[in-house]
Structures are given as structure tokens and as C-alpha cells.
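For reference, data_15.pdb (PDB, C-alpha atoms):
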```pdb
ATOM      1  CA  MET A  15     -25.341 -53.657 -10.962
ATOM      2  CA  LYS A  16     -22.331 -55.854 -10.523
ATOM      3  CA  PRO A  17     -19.288 -55.202 -12.742
ATOM      4  CA  ILE A  18     -17.377 -58.161 -14.184
ATOM      5  CA  ALA A  19     -14.314 -58.498 -16.446
ATOM      6  CA  VAL A  20     -14.965 -60.625 -19.535
ATOM      7  CA  MET A  21     -11.839 -62.051 -21.180
ATOM      8  CA  THR A  22     -11.176 -63.452 -24.632
ATOM      9  CA  THR A  23      -8.099 -64.110 -26.811
ATOM     10  CA  VAL A  24      -7.546 -63.551 -30.540
ATOM     11  CA  ALA A  25      -4.731 -64.249 -33.018
ATOM     12  CA  ASN A  26      -3.771 -60.689 -34.017
ATOM     13  CA  ALA A  27      -4.024 -57.009 -33.080
ATOM     14  CA  GLU A  28      -6.486 -56.241 -35.916
ATOM     15  CA  ASP A  29      -9.044 -58.754 -34.636
ATOM     16  CA  ALA A  30      -8.501 -57.530 -31.077
ATOM     17  CA  ARG A  31      -9.205 -53.910 -32.073
ATOM     18  CA  ARG A  32     -12.156 -54.838 -34.314
ATOM     19  CA  ILE A  33     -13.873 -56.792 -31.514
ATOM     20  CA  ALA A  34     -13.029 -54.123 -28.907
ATOM     21  CA  ARG A  35     -14.512 -51.333 -31.055
ATOM     22  CA  ALA A  36     -17.670 -53.288 -31.920
ATOM     23  CA  LEU A  37     -18.417 -54.181 -28.288
ATOM     24  CA  VAL A  38     -17.785 -50.615 -27.061
ATOM     25  CA  GLU A  39     -19.824 -49.034 -29.880
ATOM     26  CA  ARG A  40     -22.748 -51.398 -29.222
ATOM     27  CA  ARG A  41     -22.489 -50.399 -25.550
ATOM     28  CA  LEU A  42     -22.153 -54.001 -24.499
ATOM     29  CA  VAL A  43     -18.938 -53.151 -22.637
ATOM     30  CA  ALA A  44     -17.792 -49.854 -21.105
ATOM     31  CA  CYS A  45     -14.169 -50.353 -22.117
ATOM     32  CA  ALA A  46     -11.796 -52.860 -23.663
ATOM     33  CA  GLN A  47      -8.127 -53.382 -22.839
ATOM     34  CA  ILE A  48      -5.820 -55.244 -25.210
ATOM     35  CA  SER A  49      -2.497 -56.835 -24.244
ATOM     36  CA  LYS A  50       0.034 -58.968 -26.069
ATOM     37  CA  ILE A  51       0.536 -62.528 -24.846
ATOM     38  CA  GLU A  52       2.296 -65.718 -25.929
ATOM     39  CA  SER A  53       0.183 -68.887 -25.883
ATOM     40  CA  VAL A  54       1.232 -72.491 -25.304
ATOM     41  CA  TYR A  55      -1.242 -75.375 -25.792
ATOM     42  CA  LEU A  56      -1.645 -78.793 -27.397
ATOM     43  CA  TRP A  57      -3.168 -79.225 -30.852
ATOM     44  CA  GLU A  58      -3.406 -82.762 -32.256
ATOM     45  CA  ASN A  59      -0.939 -83.840 -29.570
ATOM     46  CA  LYS A  60       1.690 -81.327 -30.663
ATOM     47  CA  LEU A  61       2.800 -78.372 -28.592
ATOM     48  CA  GLN A  62       1.779 -75.066 -30.197
ATOM     49  CA  GLU A  63       3.374 -71.737 -29.298
ATOM     50  CA  GLU A  64       2.207 -68.490 -30.818
ATOM     51  CA  GLY A  65       1.605 -64.812 -30.186
ATOM     52  CA  GLU A  66      -1.944 -63.788 -29.357
ATOM     53  CA  TYR A  67      -3.806 -60.791 -27.987
ATOM     54  CA  ARG A  68      -5.932 -60.812 -24.838
ATOM     55  CA  LEU A  69      -9.004 -58.619 -24.424
ATOM     56  CA  MET A  70     -10.268 -57.605 -20.980
ATOM     57  CA  LEU A  71     -13.769 -56.126 -21.230
ATOM     58  CA  LYS A  72     -15.639 -54.366 -18.433
ATOM     59  CA  THR A  73     -19.377 -54.889 -18.316
ATOM     60  CA  VAL A  74     -22.039 -55.806 -15.754
ATOM     61  CA  ALA A  75     -23.008 -59.354 -14.788
ATOM     62  CA  SER A  76     -26.511 -59.015 -16.304
ATOM     63  CA  ARG A  77     -24.933 -58.377 -19.740
ATOM     64  CA  TYR A  78     -22.635 -61.411 -19.696
ATOM     65  CA  SER A  79     -24.764 -63.555 -22.036
ATOM     66  CA  ALA A  80     -25.195 -60.714 -24.565
ATOM     67  CA  VAL A  81     -21.418 -60.040 -24.503
ATOM     68  CA  GLU A  82     -20.608 -63.746 -24.908
ATOM     69  CA  GLU A  83     -22.997 -63.992 -27.870
ATOM     70  CA  ALA A  84     -21.498 -60.896 -29.531
ATOM     71  CA  ILE A  85     -17.934 -62.212 -29.063
ATOM     72  CA  ARG A  86     -18.927 -65.554 -30.632
ATOM     73  CA  GLU A  87     -20.395 -63.670 -33.600
ATOM     74  CA  LEU A  88     -17.314 -61.420 -34.026
ATOM     75  CA  HIS A  89     -14.611 -63.969 -33.168
ATOM     76  CA  PRO A  90     -12.785 -65.829 -35.976
ATOM     77  CA  TYR A  91     -12.174 -68.998 -33.869
ATOM     78  CA  THR A  92     -14.695 -71.842 -33.800
ATOM     79  CA  LEU A  93     -13.961 -72.428 -30.127
ATOM     80  CA  PRO A  94     -13.053 -69.070 -28.572
ATOM     81  CA  ALA A  95     -11.863 -68.737 -24.983
ATOM     82  CA  ILE A  96     -14.536 -66.615 -23.266
ATOM     83  CA  TYR A  97     -14.865 -66.269 -19.503
ATOM     84  CA  ALA A  98     -15.487 -63.652 -16.840
ATOM     85  CA  LEU A  99     -13.348 -62.859 -13.815
ATOM     86  CA  ALA A 100     -15.218 -62.234 -10.571
ATOM     87  CA  LEU A 101     -14.572 -58.788  -9.095
ATOM     88  CA  GLU A 102     -14.568 -58.757  -5.323
ATOM     89  CA  ARG A 103     -14.554 -55.005  -4.762
ATOM     90  CA  VAL A 104     -15.127 -52.108  -7.161
ATOM     91  CA  HIS A 105     -14.647 -48.352  -6.577
ATOM     92  CA  GLY A 106     -18.229 -47.006  -6.510
ATOM     93  CA  PRO A 107     -18.006 -44.246  -9.152
ATOM     94  CA  TYR A 108     -16.158 -46.628 -11.499
ATOM     95  CA  ALA A 109     -18.876 -49.284 -11.049
ATOM     96  CA  ASP A 110     -21.461 -46.616 -11.945
ATOM     97  CA  TRP A 111     -19.516 -45.648 -15.066
ATOM     98  CA  VAL A 112     -19.240 -49.302 -16.182
ATOM     99  CA  GLY A 113     -22.988 -49.734 -15.662
ATOM    100  CA  GLU A 114     -23.835 -46.547 -17.562
ATOM    101  CA  TYR A 115     -21.693 -47.426 -20.595
ATOM    102  CA  SER A 116     -22.598 -51.100 -20.795
ATOM    103  CA  GLY A 117     -26.339 -50.709 -20.586
ATOM    104  CA  GLY A 118     -26.464 -52.165 -17.091
TER     105      GLY A 118
ATOM    106  CA  MET B   2      -5.840 -62.928   6.009
ATOM    107  CA  LYS B   3      -7.247 -63.186   2.531
ATOM    108  CA  PRO B   4      -5.069 -61.953  -0.373
ATOM    109  CA  ILE B   5      -6.701 -60.010  -3.206
ATOM    110  CA  ALA B   6      -5.385 -58.432  -6.420
ATOM    111  CA  VAL B   7      -6.267 -54.742  -6.737
ATOM    112  CA  MET B   8      -6.151 -53.356 -10.295
ATOM    113  CA  THR B   9      -5.918 -49.840 -11.670
ATOM    114  CA  THR B  10      -4.927 -48.224 -14.979
ATOM    115  CA  VAL B  11      -2.872 -45.090 -15.685
ATOM    116  CA  ALA B  12      -1.866 -43.146 -18.787
ATOM    117  CA  ASN B  13       1.915 -43.618 -18.730
ATOM    118  CA  ALA B  14       4.779 -45.662 -17.302
ATOM    119  CA  GLU B  15       5.947 -42.827 -15.007
ATOM    120  CA  ASP B  16       2.588 -42.645 -13.208
ATOM    121  CA  ALA B  17       2.463 -46.440 -13.022
ATOM    122  CA  ARG B  18       5.911 -46.603 -11.371
ATOM    123  CA  ARG B  19       5.209 -43.648  -9.055
ATOM    124  CA  ILE B  20       1.982 -45.219  -7.752
ATOM    125  CA  ALA B  21       3.586 -48.689  -7.503
ATOM    126  CA  ARG B  22       6.525 -47.374  -5.468
ATOM    127  CA  ALA B  23       4.340 -45.290  -3.141
ATOM    128  CA  LEU B  24       1.979 -48.174  -2.345
ATOM    129  CA  VAL B  25       4.848 -50.641  -1.759
ATOM    130  CA  GLU B  26       6.834 -48.168   0.389
ATOM    131  CA  ARG B  27       3.757 -47.406   2.513
ATOM    132  CA  ARG B  28       3.307 -51.183   2.918
ATOM    133  CA  LEU B  29      -0.223 -50.993   1.612
ATOM    134  CA  VAL B  30       0.607 -53.620  -1.007
ATOM    135  CA  ALA B  31       3.255 -56.378  -0.961
ATOM    136  CA  CYS B  32       4.068 -55.995  -4.645
ATOM    137  CA  ALA B  33       3.014 -54.193  -7.797
ATOM    138  CA  GLN B  34       3.135 -55.510 -11.356
ATOM    139  CA  ILE B  35       2.946 -53.145 -14.323
ATOM    140  CA  SER B  36       1.950 -54.151 -17.864
ATOM    141  CA  LYS B  37       1.357 -52.254 -21.083
ATOM    142  CA  ILE B  38      -2.164 -52.275 -22.514
ATOM    143  CA  GLU B  39      -4.155 -50.543 -25.244
ATOM    144  CA  SER B  40      -7.523 -49.112 -24.171
ATOM    145  CA  VAL B  41     -10.709 -48.617 -26.207
ATOM    146  CA  TYR B  42     -13.684 -46.708 -24.788
ATOM    147  CA  LEU B  43     -16.231 -43.990 -25.580
ATOM    148  CA  TRP B  44     -15.675 -40.364 -24.585
ATOM    149  CA  GLU B  45     -18.357 -37.837 -25.530
ATOM    150  CA  ASN B  46     -19.732 -40.412 -27.951
ATOM    151  CA  LYS B  47     -16.447 -40.793 -29.797
ATOM    152  CA  LEU B  48     -14.317 -43.918 -29.775
ATOM    153  CA  GLN B  49     -10.992 -43.364 -27.979
ATOM    154  CA  GLU B  50      -7.981 -45.622 -28.406
ATOM    155  CA  GLU B  51      -4.795 -45.092 -26.457
ATOM    156  CA  GLY B  52      -1.913 -46.803 -24.723
ATOM    157  CA  GLU B  53      -2.176 -47.201 -20.957
ATOM    158  CA  TYR B  54      -0.461 -49.120 -18.159
ATOM    159  CA  ARG B  55      -2.200 -51.585 -15.856
ATOM    160  CA  LEU B  56      -1.155 -52.100 -12.241
ATOM    161  CA  MET B  57      -1.859 -55.356 -10.428
ATOM    162  CA  LEU B  58      -1.319 -54.944  -6.678
ATOM    163  CA  LYS B  59      -1.254 -57.741  -4.106
ATOM    164  CA  THR B  60      -2.681 -56.934  -0.703
ATOM    165  CA  VAL B  61      -5.135 -58.443   1.779
ATOM    166  CA  ALA B  62      -8.916 -57.935   1.726
ATOM    167  CA  SER B  63      -8.891 -55.982   5.004
ATOM    168  CA  ARG B  64      -6.624 -53.352   3.393
ATOM    169  CA  TYR B  65      -8.786 -52.805   0.287
ATOM    170  CA  SER B  66     -10.324 -49.508   1.451
ATOM    171  CA  ALA B  67      -6.945 -48.054   2.465
ATOM    172  CA  VAL B  68      -5.438 -49.086  -0.891
ATOM    173  CA  GLU B  69      -8.393 -47.625  -2.820
ATOM    174  CA  GLU B  70      -8.076 -44.331  -0.912
ATOM    175  CA  ALA B  71      -4.311 -44.148  -1.559
ATOM    176  CA  ILE B  72      -4.781 -44.851  -5.282
ATOM    177  CA  ARG B  73      -7.407 -42.084  -5.491
ATOM    178  CA  GLU B  74      -4.957 -39.695  -3.820
ATOM    179  CA  LEU B  75      -2.040 -40.668  -6.108
ATOM    180  CA  HIS B  76      -3.973 -41.133  -9.366
ATOM    181  CA  PRO B  77      -4.119 -38.287 -11.897
ATOM    182  CA  TYR B  78      -7.598 -39.274 -13.241
ATOM    183  CA  THR B  79     -10.788 -37.868 -11.688
ATOM    184  CA  LEU B  80     -12.532 -41.206 -12.222
ATOM    185  CA  PRO B  81      -9.903 -43.944 -11.930
ATOM    186  CA  ALA B  82     -10.676 -47.589 -12.625
ATOM    187  CA  ILE B  83     -10.077 -49.358  -9.287
ATOM    188  CA  TYR B  84     -11.286 -52.872  -8.520
ATOM    189  CA  ALA B  85     -10.120 -56.091  -6.889
ATOM    190  CA  LEU B  86     -10.040 -59.571  -8.393
ATOM    191  CA  ALA B  87     -11.173 -62.394  -6.138
ATOM    192  CA  LEU B  88      -8.496 -65.049  -5.569
ATOM    193  CA  GLU B  89      -9.900 -68.527  -5.217
ATOM    194  CA  ARG B  90      -6.779 -70.299  -4.052
ATOM    195  CA  VAL B  91      -3.416 -68.963  -2.854
ATOM    196  CA  HIS B  92      -0.171 -70.863  -2.142
ATOM    197  CA  GLY B  93       0.127 -70.682   1.673
ATOM    198  CA  PRO B  94       3.662 -69.223   2.055
ATOM    199  CA  TYR B  95       2.883 -66.630  -0.644
ATOM    200  CA  ALA B  96      -0.322 -65.599   1.179
ATOM    201  CA  ASP B  97       1.759 -65.168   4.357
ATOM    202  CA  TRP B  98       4.282 -62.993   2.505
ATOM    203  CA  VAL B  99       1.508 -60.798   1.040
ATOM    204  CA  GLY B 100       0.003 -60.378   4.506
ATOM    205  CA  GLU B 101       3.358 -59.552   6.095
ATOM    206  CA  TYR B 102       4.270 -56.890   3.519
ATOM    207  CA  SER B 103       0.846 -55.270   3.250
ATOM    208  CA  GLY B 104       0.182 -54.851   6.952
ATOM    209  CA  GLY B 105      -2.465 -57.579   6.915
TER     210      GLY B 105
ATOM    211  CA  MET C  14     -15.833 -79.268 -13.663
ATOM    212  CA  LYS C  15     -15.064 -75.699 -12.746
ATOM    213  CA  PRO C  16     -12.343 -73.870 -14.717
ATOM    214  CA  ILE C  17      -9.924 -71.600 -12.857
ATOM    215  CA  ALA C  18      -6.959 -69.448 -13.919
ATOM    216  CA  VAL C  19      -3.760 -70.225 -12.019
ATOM    217  CA  MET C  20      -1.157 -67.442 -12.056
ATOM    218  CA  THR C  21       2.568 -67.410 -11.348
ATOM    219  CA  THR C  22       5.506 -65.105 -12.108
ATOM    220  CA  VAL C  23       9.072 -65.923 -13.176
ATOM    221  CA  ALA C  24      12.252 -63.937 -13.848
ATOM    222  CA  ASN C  25      12.722 -64.584 -17.573
ATOM    223  CA  ALA C  26      11.054 -65.767 -20.775
ATOM    224  CA  GLU C  27      12.994 -69.061 -20.818
ATOM    225  CA  ASP C  28      11.648 -70.123 -17.411
ATOM    226  CA  ALA C  29       8.152 -68.980 -18.403
ATOM    227  CA  ARG C  30       8.220 -71.141 -21.559
ATOM    228  CA  ARG C  31       9.813 -74.119 -19.795
ATOM    229  CA  ILE C  32       7.122 -74.147 -17.083
ATOM    230  CA  ALA C  33       4.327 -73.510 -19.617
ATOM    231  CA  ARG C  34       5.447 -76.423 -21.831
ATOM    232  CA  ALA C  35       5.880 -78.820 -18.902
ATOM    233  CA  LEU C  36       2.437 -78.111 -17.453
ATOM    234  CA  VAL C  37       0.717 -78.391 -20.863
ATOM    235  CA  GLU C  38       2.578 -81.593 -21.800
ATOM    236  CA  ARG C  39       1.708 -83.195 -18.454
ATOM    237  CA  ARG C  40      -1.917 -82.209 -19.134
ATOM    238  CA  LEU C  41      -2.117 -80.374 -15.839
ATOM    239  CA  VAL C  42      -3.267 -77.227 -17.668
ATOM    240  CA  ALA C  43      -5.099 -76.867 -20.990
ATOM    241  CA  CYS C  44      -3.161 -73.776 -21.999
ATOM    242  CA  ALA C  45      -0.612 -71.269 -20.748
ATOM    243  CA  GLN C  46      -0.392 -67.583 -21.594
ATOM    244  CA  ILE C  47       2.797 -65.623 -20.982
ATOM    245  CA  SER C  48       3.007 -61.822 -20.682
ATOM    246  CA  LYS C  49       5.783 -59.383 -19.850
ATOM    247  CA  ILE C  50       5.437 -57.362 -16.654
ATOM    248  CA  GLU C  51       7.525 -55.040 -14.499
ATOM    249  CA  SER C  52       7.589 -55.833 -10.773
ATOM    250  CA  VAL C  53       8.015 -53.498  -7.799
ATOM    251  CA  TYR C  54       8.464 -54.876  -4.259
ATOM    252  CA  LEU C  55      10.568 -54.556  -1.116
ATOM    253  CA  TRP C  56      13.560 -56.802  -0.454
ATOM    254  CA  GLU C  57      15.541 -56.246   2.751
ATOM    255  CA  ASN C  58      13.809 -52.879   3.073
ATOM    256  CA  LYS C  59      14.969 -51.709  -0.351
ATOM    257  CA  LEU C  60      12.687 -51.091  -3.301
ATOM    258  CA  GLN C  61      13.309 -53.598  -6.102
ATOM    259  CA  GLU C  62      12.193 -53.043  -9.700
ATOM    260  CA  GLU C  63      12.702 -55.651 -12.371
ATOM    261  CA  GLY C  64      11.232 -57.232 -15.457
ATOM    262  CA  GLU C  65       9.370 -60.507 -14.971
ATOM    263  CA  TYR C  66       7.019 -62.776 -16.896
ATOM    264  CA  ARG C  67       3.513 -63.706 -15.762
ATOM    265  CA  LEU C  68       1.936 -67.064 -16.582
ATOM    266  CA  MET C  69      -1.843 -67.494 -16.719
ATOM    267  CA  LEU C  70      -2.757 -71.203 -16.763
ATOM    268  CA  LYS C  71      -6.223 -72.629 -17.419
ATOM    269  CA  THR C  72      -7.138 -75.735 -15.502
ATOM    270  CA  VAL C  73     -10.028 -77.026 -13.393
ATOM    271  CA  ALA C  74     -10.481 -76.401  -9.666
ATOM    272  CA  SER C  75      -9.978 -80.082  -8.794
ATOM    273  CA  ARG C  76      -6.470 -79.937 -10.297
ATOM    274  CA  TYR C  77      -5.332 -76.841  -8.381
ATOM    275  CA  SER C  78      -3.204 -78.716  -5.829
ATOM    276  CA  ALA C  79      -1.475 -80.818  -8.511
ATOM    277  CA  VAL C  80      -0.747 -77.671 -10.556
ATOM    278  CA  GLU C  81       0.583 -75.806  -7.501
ATOM    279  CA  GLU C  82       2.856 -78.749  -6.644
ATOM    280  CA  ALA C  83       4.193 -78.963 -10.218
ATOM    281  CA  ILE C  84       4.870 -75.201 -10.320
ATOM    282  CA  ARG C  85       6.786 -75.427  -7.019
ATOM    283  CA  GLU C  86       8.877 -78.266  -8.473
ATOM    284  CA  LEU C  87       9.580 -76.405 -11.743
ATOM    285  CA  HIS C  88       9.929 -72.871 -10.366
ATOM    286  CA  PRO C  89      13.398 -71.455  -9.601
ATOM    287  CA  TYR C  90      12.180 -69.208  -6.726
ATOM    288  CA  THR C  91      12.066 -70.468  -3.137
ATOM    289  CA  LEU C  92       8.869 -68.501  -2.542
ATOM    290  CA  PRO C  93       6.958 -68.382  -5.821
ATOM    291  CA  ALA C  94       3.777 -66.356  -6.238
ATOM    292  CA  ILE C  95       1.078 -68.949  -7.016
ATOM    293  CA  TYR C  96      -2.650 -68.223  -6.857
ATOM    294  CA  ALA C  97      -5.852 -68.864  -8.789
ATOM    295  CA  LEU C  98      -8.359 -66.321 -10.046
ATOM    296  CA  ALA C  99     -12.009 -67.227  -9.603
ATOM    297  CA  LEU C 100     -13.942 -67.373 -12.884
ATOM    298  CA  GLU C 101     -17.527 -66.236 -12.547
ATOM    299  CA  ARG C 102     -18.799 -67.337 -15.950
ATOM    300  CA  VAL C 103     -17.236 -69.558 -18.621
ATOM    301  CA  HIS C 104     -18.407 -70.208 -22.198
ATOM    302  CA  GLY C 105     -19.632 -73.840 -22.073
ATOM    303  CA  PRO C 106     -17.624 -75.368 -24.944
ATOM    304  CA  TYR C 107     -14.457 -73.614 -23.679
ATOM    305  CA  ALA C 108     -15.024 -75.002 -20.173
ATOM    306  CA  ASP C 109     -15.341 -78.483 -21.720
ATOM    307  CA  TRP C 110     -12.083 -78.005 -23.633
ATOM    308  CA  VAL C 111     -10.238 -76.866 -20.489
ATOM    309  CA  GLY C 112     -11.550 -79.888 -18.617
ATOM    310  CA  GLU C 113     -10.607 -82.296 -21.403
ATOM    311  CA  TYR C 114      -7.023 -81.009 -21.689
ATOM    312  CA  SER C 115      -6.315 -80.634 -17.984
ATOM    313  CA  GLY C 116      -7.511 -84.053 -16.900
ATOM    314  CA  GLY C 117     -10.580 -82.553 -15.207
TER     315      GLY C 117
END
```

Give the structure from the file, written as C-alpha cells.
Amino acid sequence: MKPIAVMTTVANAEDARRIARALVERRLVACAQISKIESVYLWENKLQEEGEYRLMLKTVASRYSAVEEAIRELHPYTLPAIYALALERVHGPYADWVGEYSGG
Amino acid sequence: MKPIAVMTTVANAEDARRIARALVERRLVACAQISKIESVYLWENKLQEEGEYRLMLKTVASRYSAVEEAIRELHPYTLPAIYALALERVHGPYADWVGEYSGG
Amino acid sequence: MKPIAVMTTVANAEDARRIARALVERRLVACAQISKIESVYLWENKLQEEGEYRLMLKTVASRYSAVEEAIRELHPYTLPAIYALALERVHGPYADWVGEYSGG
């Protein structure tokens, strides 16, 4: 039971909260953390700059594919940013809690 | 001397600053970064949503256990989220600075 | 083609945006995300606390050295914090997009 942190980005706080709630209620992730960011990228060769919201979702490695699939279903973007950060060390009781609440 | 980023989450800015200062002053971590987040999780089967603060703490891998123990001592939660992100690459002089200021 | 997340920290929003735009326009990174943080660290044995901005930059592992060099050129600090987070899993089409826009 190996905890990971799945990340995704959405355009507004409403979408961030909607996705966070759905993933927590389905017990795909133990918790979701939302933070405000400002994004810079190219679109059709023009620089885009806009506010976005980042979700950090704690789950276990064995649930990654199910979480990715659920984010793709819930996410308004055609090509959402979805990836998982590797955790090198995790406090034991916290790892247990993540596993318990994410179906791990 | 391998730098890592230890993460934890607290309920308010005062606790975040108190823990950050204590860990830096004890030279357990070279620096602490605090950011505001919004957390979503289940508690007794009810969805909870509340503001929290995330700490990102730079130290070296050999100090992880000492940092975890200090966070548990300083943290008001019974079951704090504590984990370390793996760093794949680190700018050499910055890695040296992290090691020097975290007793690595 | 392995995506990574390169991180750095600057003193103000203007520097954060300037570095973000330059790296995206040079196609060294596919996107940049800026967030506000509060930093705590020691300087000449005195505790420093100040607002900063964190950049999270998506690129591919083979471009890490070029990105690090460009950040050092663009960054106002003599000793900038530059490091890359390891990504454990990445949504396939997003990994392709990162590779395409970062010259991977």
C-alpha cells in the first residue's frame, strides 16, 4: 500500500471543488487539496496566461488508473493535465489512513 | 547528501509559521515554504471542507526521521499528514546549501 | 520521453512571470504554473520571513540541464533553488503534449 499524490488542474474553483468532492465521496482518494495558481503556456503559438486551480489528491498507487479515469470523466478539458508525484517517505499512520479512505 | 521535500498540513497560518520557525531554527530543515490550500475529506462519513496551510520543507534524506519526529511533536493534529516528495534532480549549489543548513 | 516538474522560487510576481514566459517561449517547458508562498529560512543566523513566488515547470527529463541553465541565466538570485520532482505516473496524452511543447 504505497501512497501517491495525483495532481490535476482546472479553470475555476467550482470545478476544483466538484471534482474533489466526487473523488472523495467515491473513496477513490482520501483527501483533496485545492490551491490557486497562475498558468502560462502556448496555444496556437500565442502565449496564454490565466488563473487556474490545482488539485493534489492522496490515494494509493494501485488506484492510480481508477483515479485517472474518474478525473477524465469529471474534467471539462479534452486534454487534462493528470500525473502523480512519487512519495519517497510517508508517516506510517498517515499512509494507513490514505489506504483506508481510498480503498487501497 | 540527497535533498528531499517534506510536506505537512496545518489548520492555520500561526501553526504553519510556528512549525516552520522551529524546524529552521533547530536546523532540521534549510527552509520552509507556506501556502494556503482548501482541503476536502471525509470525517465520520461526512464531507469536510476547510482552509488549511501546507508546509514544504527542504532537508536531506538522512534527516527525514528526525524531521518527522519534530513535526509530530510540534503538530496539533493527532494524525498529521507527513510525507516526503522524491527529488529527481537538484541544482548542485542548492543541494549543498540544503545540506549545510539541515545538518546533512 | 519522461515528463518531470522543475521547481524554482523568486521574490516577486514580475520575475515569476518573466521567467515563465521566457521558458515557455523558448519551448524549454510546456507550461509554467505560478503560486504565492511565504518563505522561512536563516540568513546570517537570523530568521528571515518573506513572500515569494514558486514556479512549477513541466518539461521532459532530457531537457532538465537546459532548463536549469536557462533559469540560472534568468534568475536574479545568486543561489537559486532549482530542483525537479519525480513523476511516478503521467496521463499518456498529457505526457505527449509536454514532450511536444518542450522539445522532448

How close does chain B get to chain C? List, as JSON lines, each residue of chain B within 9 Å, its nearest atom pair and the distance in Å to one decimal, counting all atoms listed in the file.
```
{"residue": "B:Arg18", "atom": "CA", "partner": "C:Val53", "partner_atom": "CA", "distance": 8.0}
{"residue": "B:Ala21", "atom": "CA", "partner": "C:Val53", "partner_atom": "CA", "distance": 6.5}
{"residue": "B:Arg22", "atom": "CA", "partner": "C:Val53", "partner_atom": "CA", "distance": 6.7}
{"residue": "B:Val25", "atom": "CA", "partner": "C:Tyr54", "partner_atom": "CA", "distance": 6.1}
{"residue": "B:Glu26", "atom": "CA", "partner": "C:Leu60", "partner_atom": "CA", "distance": 7.5}
{"residue": "B:Arg28", "atom": "CA", "partner": "C:Leu55", "partner_atom": "CA", "distance": 9.0}
{"residue": "B:Val30", "atom": "CA", "partner": "C:Tyr54", "partner_atom": "CA", "distance": 8.6}
{"residue": "B:Ala31", "atom": "CA", "partner": "C:Tyr54", "partner_atom": "CA", "distance": 6.3}
{"residue": "B:Cys32", "atom": "CA", "partner": "C:Tyr54", "partner_atom": "CA", "distance": 4.6}
{"residue": "B:Ala33", "atom": "CA", "partner": "C:Val53", "partner_atom": "CA", "distance": 5.0}
{"residue": "B:Gln34", "atom": "CA", "partner": "C:Ser52", "partner_atom": "CA", "distance": 4.5}
{"residue": "B:Ile35", "atom": "CA", "partner": "C:Glu51", "partner_atom": "CA", "distance": 5.0}
{"residue": "B:Ser36", "atom": "CA", "partner": "C:Ile50", "partner_atom": "CA", "distance": 4.9}
{"residue": "B:Lys37", "atom": "CA", "partner": "C:Ile50", "partner_atom": "CA", "distance": 7.9}
{"residue": "B:Leu86", "atom": "CA", "partner": "C:Leu98", "partner_atom": "CA", "distance": 7.1}
{"residue": "B:Ala87", "atom": "CA", "partner": "C:Ala99", "partner_atom": "CA", "distance": 6.0}
{"residue": "B:Leu88", "atom": "CA", "partner": "C:Leu98", "partner_atom": "CA", "distance": 4.7}
{"residue": "B:Glu89", "atom": "CA", "partner": "C:Ala99", "partner_atom": "CA", "distance": 5.0}
{"residue": "B:Arg90", "atom": "CA", "partner": "C:Ala97", "partner_atom": "CA", "distance": 5.0}
{"residue": "B:Val91", "atom": "CA", "partner": "C:Tyr96", "partner_atom": "CA", "distance": 4.1}
{"residue": "B:His92", "atom": "CA", "partner": "C:Ile95", "partner_atom": "CA", "distance": 5.4}
{"residue": "B:Gly93", "atom": "CA", "partner": "C:Ile95", "partner_atom": "CA", "distance": 8.9}
{"residue": "B:Pro94", "atom": "CA", "partner": "C:Leu92", "partner_atom": "CA", "distance": 7.0}
{"residue": "B:Tyr95", "atom": "CA", "partner": "C:Ala94", "partner_atom": "CA", "distance": 5.7}
{"residue": "B:Ala96", "atom": "CA", "partner": "C:Ala94", "partner_atom": "CA", "distance": 8.5}
{"residue": "B:Trp98", "atom": "CA", "partner": "C:Leu92", "partner_atom": "CA", "distance": 8.8}
{"residue": "B:Tyr102", "atom": "CA", "partner": "C:Leu55", "partner_atom": "CA", "distance": 8.2}
```

Atomic separation - atom CA of Pro77 of chain B relative to atom CA of Val11 of chain B, Å: 7.9 Å

Interatomic distance, atom CA of Leu41 of chain C to atom CA of Gly116 of chain C (Å, one decimal): 6.6 Å

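Reported to one decimal place, the separation of atom CA of Tyr90 of chain C from atom CA of Thr21 of chain C is 10.8 Å.
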
Enclosing box along x, y and z for every listed atom of segment 26-36 of chain A, padded 3 Å each side, centre and size in Å, one decimal, as lines of an AutoDock Vina configuration file:
```
center_x = -10.7
center_y = -56.0
center_z = -32.4
size_x = 19.9
size_y = 15.4
size_z = 13.0
```
